[in-house]
Each structure stands twice: as C-alpha cells, then as structure tokens.
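Structure first, commentary second.
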Amino acid sequence: MSVVKITKDNFVQEVLQADIPVLIDFWASWCNPCRVFSPVVDEIAEEIPGVKVGKVNVDEEPELAREFDVMSIPMLVLFRDGQVVGTSVGVQSKEDIVQMLK
C-alpha cells in the first residue's frame, strides 16, 4: 500500500475512521533525520500488509502537529480504532517499527 498524505481535511476519514491500524509519520522537508527516515517509512508502507501508512508535513499541517504535541521530528504515531496506541520520536530501525505495529 502506498503512503497517504494526511491533512486536516482527510484526517478523520483516513485515520480515525480507518478499519486497519494507521501509522503516521510527522515530518518536515528541512529535517535531515526525516529525509533519512522517510525511505524506511515507505518500505513499511509497501511491505507490511494490513497497515495504512500516512505522512503529515508539520509545516503544512501545524494544527495536526499541535493536536498530537509534536515537539521533535520525525515522530511516529500509531492509531488503532481511532485511538493513539503508540508513539516514537526520532529515527527508528525498520525492525523497531515492525515491533511497534505488533
């Protein structure tokens, strides 16, 4: 499944109403760790079935960043049934993300 661009306009439909877990990557184009981490997130989207992966650009969507207290990026937030069930801040290994999804 390809990565979905998450905005305030599609957040409810794509994340809160999703019938599968949703992993959101909060990032910014100027963030070097985010650029290093992005391919790992893309691999998760393509390789892990049954999980939707989305990205939120914190510069374009400051309201979502504030809502989820994003203070450092990259930051991952995992949703299940519309609820936050996990978060992680900083660059993570692919294996750590897979563990988070379990």
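Ordering of the structure tokens sets the chain letters (A, B, ...), residue numbers begin anew at 1 in every chain, and ligands are numbered from 1 in the order given.
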| query | Which polymer residues have any atom within 10 Å of an atom of Gln92 (chain A), counting only C-alpha atoms, with same-chain residues fewer than 5 positions away left out, as a ChimeraX atom specification? | reply | /A:37,40-41,74-76,97
Just the selected residues (N, CA, C and O atoms), exported as a PDB file, in the first residue's frame, please.
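Generated file (again.pdb):
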```
ATOM      1  N   PHE A  37      14.974   9.020   7.350  1.00  0.00           N
ATOM      2  CA  PHE A  37      13.974   8.084   7.859  1.00  0.00           C
ATOM      3  C   PHE A  37      12.875   7.774   6.841  1.00  0.00           C
ATOM      4  O   PHE A  37      12.286   6.687   6.862  1.00  0.00           O
ATOM      5  N   VAL A  40      12.569   4.367   5.047  1.00  0.00           N
ATOM      6  CA  VAL A  40      12.188   3.271   5.952  1.00  0.00           C
ATOM      7  C   VAL A  40      10.665   3.247   6.105  1.00  0.00           C
ATOM      8  O   VAL A  40      10.027   2.189   6.034  1.00  0.00           O
ATOM      9  N   VAL A  41      10.080   4.420   6.279  1.00  0.00           N
ATOM     10  CA  VAL A  41       8.623   4.515   6.395  1.00  0.00           C
ATOM     11  C   VAL A  41       7.962   4.045   5.101  1.00  0.00           C
ATOM     12  O   VAL A  41       6.966   3.309   5.128  1.00  0.00           O
ATOM     13  N   PRO A  74      11.685  13.299  13.236  1.00  0.00           N
ATOM     14  CA  PRO A  74      10.455  12.606  12.893  1.00  0.00           C
ATOM     15  C   PRO A  74       9.784  12.011  14.133  1.00  0.00           C
ATOM     16  O   PRO A  74      10.450  11.639  15.094  1.00  0.00           O
ATOM     17  N   MET A  75       8.472  11.947  14.068  1.00  0.00           N
ATOM     18  CA  MET A  75       7.682  11.345  15.140  1.00  0.00           C
ATOM     19  C   MET A  75       6.640  10.431  14.512  1.00  0.00           C
ATOM     20  O   MET A  75       5.946  10.829  13.579  1.00  0.00           O
ATOM     21  N   LEU A  76       6.571   9.217  15.018  1.00  0.00           N
ATOM     22  CA  LEU A  76       5.564   8.260  14.563  1.00  0.00           C
ATOM     23  C   LEU A  76       4.444   8.184  15.589  1.00  0.00           C
ATOM     24  O   LEU A  76       4.704   8.175  16.799  1.00  0.00           O
ATOM     25  N   ILE A  97      10.066  -0.448  14.185  1.00  0.00           N
ATOM     26  CA  ILE A  97       8.722  -0.041  13.723  1.00  0.00           C
ATOM     27  C   ILE A  97       7.821  -1.250  13.586  1.00  0.00           C
ATOM     28  O   ILE A  97       6.662  -1.227  13.987  1.00  0.00           O
TER      29      ILE A  97
END
```
| Contacts of Asp69 (chain A) at 12 Å (only C-alpha atoms; same-chain gap of 5+ positions) as number ranges by chain | A: 26, 58, 62-64, 75-77, 87, 89
| message | as a VMD selection string, please: the residues near Pro33 (chain A) (cut-off 10 Å, only C-alpha atoms, same-chain neighbours under 4 positions excluded). | response | chain A and resid 27 to 29 37 to 38 73 to 74 90 to 91
Saved selection, atoms kept: C-alpha atoms, as a CSV table (one decimal), in the first residue's frame:
```csv
chain,number,residue,atom,x,y,z
A,27,TRP,CA,8.0,15.2,9.3
A,28,ALA,CA,9.3,18.3,7.5
A,29,SER,CA,11.2,18.8,4.3
A,37,PHE,CA,14.0,8.1,7.9
A,38,SER,CA,11.5,8.6,5.0
A,73,ILE,CA,10.5,15.1,14.3
A,74,PRO,CA,10.5,12.6,12.9
A,90,GLY,CA,13.5,10.1,16.3
A,91,VAL,CA,14.8,7.8,13.6
```
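Atom pair CA of Asp96 (chain A) / CA of Val56 (chain A) has a distance of 20.3 Å (rounded to one decimal).
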| What separation in Å, quoted to one decimal, exists between CA of Ala65 (chain A) and CA of Asn10 (chain A)? |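 Going from CA of Ala65 (chain A) over to CA of Asn10 (chain A), I get 14.6 Å.
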| field | Residue list (alpha helix (DSSP H), DSSP) for region 5-90 of chain A, as a list in words | value |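 Matching residues, listed in order: Phe11, Asn32, Pro33, Cys34, Arg35, Val36, Phe37, Ser38, Pro39, Val40, Val41, Asp42, Glu43, Ile44, Ala45, Glu46, Glu47, Pro62, Glu63, Leu64, Ala65, Arg66 and Glu67 of chain A.
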Restricted to C-alpha atoms, what would the selected residues look like written as an mmCIF file, in the first residue's frame?
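Here's the written file again.cif:
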```cif
data_model
loop_
_atom_site.group_PDB
_atom_site.id
_atom_site.type_symbol
_atom_site.label_atom_id
_atom_site.label_comp_id
_atom_site.auth_asym_id
_atom_site.auth_seq_id
_atom_site.Cartn_x
_atom_site.Cartn_y
_atom_site.Cartn_z
ATOM 1 C CA PHE A 11 -7.567 13.065 8.851
ATOM 2 C CA ASN A 32 17.661 15.893 7.774
ATOM 3 C CA PRO A 33 16.718 12.960 10.054
ATOM 4 C CA CYS A 34 13.263 12.968 8.432
ATOM 5 C CA ARG A 35 14.821 12.626 4.982
ATOM 6 C CA VAL A 36 16.978 9.733 6.194
ATOM 7 C CA PHE A 37 13.974 8.084 7.859
ATOM 8 C CA SER A 38 11.493 8.559 5.003
ATOM 9 C CA PRO A 39 12.629 5.544 2.914
ATOM 10 C CA VAL A 40 12.188 3.271 5.952
ATOM 11 C CA VAL A 41 8.623 4.515 6.395
ATOM 12 C CA ASP A 42 7.998 3.996 2.672
ATOM 13 C CA GLU A 43 9.276 0.403 2.935
ATOM 14 C CA ILE A 44 6.913 -0.278 5.846
ATOM 15 C CA ALA A 45 4.004 1.007 3.723
ATOM 16 C CA GLU A 46 4.910 -1.324 0.860
ATOM 17 C CA GLU A 47 5.911 -4.418 2.825
ATOM 18 C CA PRO A 62 0.547 22.827 12.049
ATOM 19 C CA GLU A 63 -2.875 22.147 13.591
ATOM 20 C CA LEU A 64 -2.333 18.381 13.452
ATOM 21 C CA ALA A 65 1.192 18.776 14.813
ATOM 22 C CA ARG A 66 -0.162 20.783 17.769
ATOM 23 C CA GLU A 67 -3.014 18.348 18.363
#
```
Contact table region 35-99 of chain A vs region 13-16 of chain A, cut-off 10 Å, shortest pair per residue, only C-alpha atoms, as a tab-separated table:
```
residue	atom	partner	partner_atom	distance
A:Lys52	CA	A:Val15	CA	8.5
A:Val53	CA	A:Val15	CA	9.4
A:Gly54	CA	A:Val15	CA	8.5
A:Leu78	CA	A:Val15	CA	9.7
A:Phe79	CA	A:Val15	CA	7.3
A:Arg80	CA	A:Leu16	CA	8.2
A:Asp81	CA	A:Leu16	CA	6.8
A:Gly82	CA	A:Leu16	CA	4.0
A:Gln83	CA	A:Leu16	CA	7.3
A:Val84	CA	A:Leu16	CA	9.6
```
Selection above as a file: N, CA and C atoms, as a short mmCIF file (atom, residue, chain, number, x, y, z; two decimals), in the first residue's frame:
```cif
data_model
loop_
_atom_site.label_atom_id
_atom_site.label_comp_id
_atom_site.auth_asym_id
_atom_site.auth_seq_id
_atom_site.Cartn_x
_atom_site.Cartn_y
_atom_site.Cartn_z
N LYS A 52 -2.10 0.92 7.26
CA LYS A 52 -2.06 2.11 6.43
C LYS A 52 -0.95 3.01 6.97
N VAL A 53 -0.15 3.57 6.08
CA VAL A 53 0.93 4.48 6.48
C VAL A 53 0.65 5.84 5.87
N GLY A 54 0.69 6.86 6.72
CA GLY A 54 0.46 8.22 6.26
C GLY A 54 1.58 9.14 6.72
N LEU A 78 0.96 5.75 16.18
CA LEU A 78 0.20 4.58 15.73
C LEU A 78 -1.23 4.67 16.27
N PHE A 79 -2.19 4.53 15.37
CA PHE A 79 -3.61 4.56 15.72
C PHE A 79 -4.21 3.18 15.48
N ARG A 80 -5.08 2.78 16.40
CA ARG A 80 -5.93 1.59 16.22
C ARG A 80 -7.33 1.99 16.65
N ASP A 81 -8.29 1.72 15.81
CA ASP A 81 -9.69 2.06 16.11
C ASP A 81 -9.84 3.52 16.50
N GLY A 82 -9.11 4.39 15.82
CA GLY A 82 -9.22 5.82 16.05
C GLY A 82 -8.53 6.34 17.29
N GLN A 83 -7.80 5.49 17.99
CA GLN A 83 -7.12 5.87 19.23
C GLN A 83 -5.61 5.74 19.08
N VAL A 84 -4.88 6.66 19.70
CA VAL A 84 -3.42 6.57 19.72
C VAL A 84 -3.03 5.42 20.64
#
```
| said: Residues near Ile48 (chain A), anyone? I mean within 12 Å using only C-alpha atoms, not counting same-chain ones fewer than 6 positions away, as a list of chain:residue names. | reply: A:Met1, A:Ser2, A:Val3, A:Ile20, A:Pro21, A:Val22, A:Leu23, A:Val40, A:Val41, A:Asp42, A:Lys94, A:Glu95, A:Ile97, A:Val98, A:Gln99, A:Leu101, A:Lys102
Determine which residues of chain A DSSP labels as strand (DSSP E) from the backbone of this structure, then write them out as a compact mmCIF listing (two decimals) with C-alpha atoms, in the first residue's frame.
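Final file, out-v5.txt:
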```
# COMPACT_ATOMS: atom_id res chain seq x y z
CA VAL A 4 -1.10 8.54 2.10
CA LYS A 5 -0.64 12.28 2.53
CA VAL A 22 -2.67 3.59 10.81
CA LEU A 23 0.95 4.65 11.27
CA ILE A 24 1.52 8.39 10.86
CA ASP A 25 4.95 9.93 10.23
CA PHE A 26 5.16 13.59 11.27
CA TRP A 27 8.00 15.16 9.26
CA LYS A 52 -2.06 2.11 6.43
CA VAL A 53 0.93 4.48 6.48
CA GLY A 54 0.46 8.22 6.26
CA LYS A 55 2.70 11.27 6.42
CA VAL A 56 1.93 14.66 7.90
CA ASN A 57 4.13 17.59 6.89
CA MET A 75 7.68 11.34 15.14
CA LEU A 76 5.56 8.26 14.56
CA VAL A 77 2.06 7.89 15.96
CA LEU A 78 0.20 4.58 15.73
CA PHE A 79 -3.61 4.56 15.72
CA ARG A 80 -5.93 1.59 16.22
CA GLN A 83 -7.12 5.87 19.23
CA VAL A 84 -3.42 6.57 19.72
CA VAL A 85 -1.80 3.33 20.90
CA GLY A 86 1.88 4.15 20.44
CA THR A 87 4.37 6.89 19.64
CA SER A 88 8.07 7.13 18.96
CA VAL A 89 10.34 10.09 18.35
```
| query | Could you work out how far CA of Ser93 (chain A) lies from CA of Val12 (chain A), giving the answer in Å with one decimal? | reply |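 Computing it gives 28.3 Å between the two atoms.
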| Which is closest to Met100 (chain A) among A:Asp59, A:Asp19, A:Lys8, A:Val51, if we use only C-alpha atoms? |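 Result for the nearest residue to Met100 (chain A): A:Val51.
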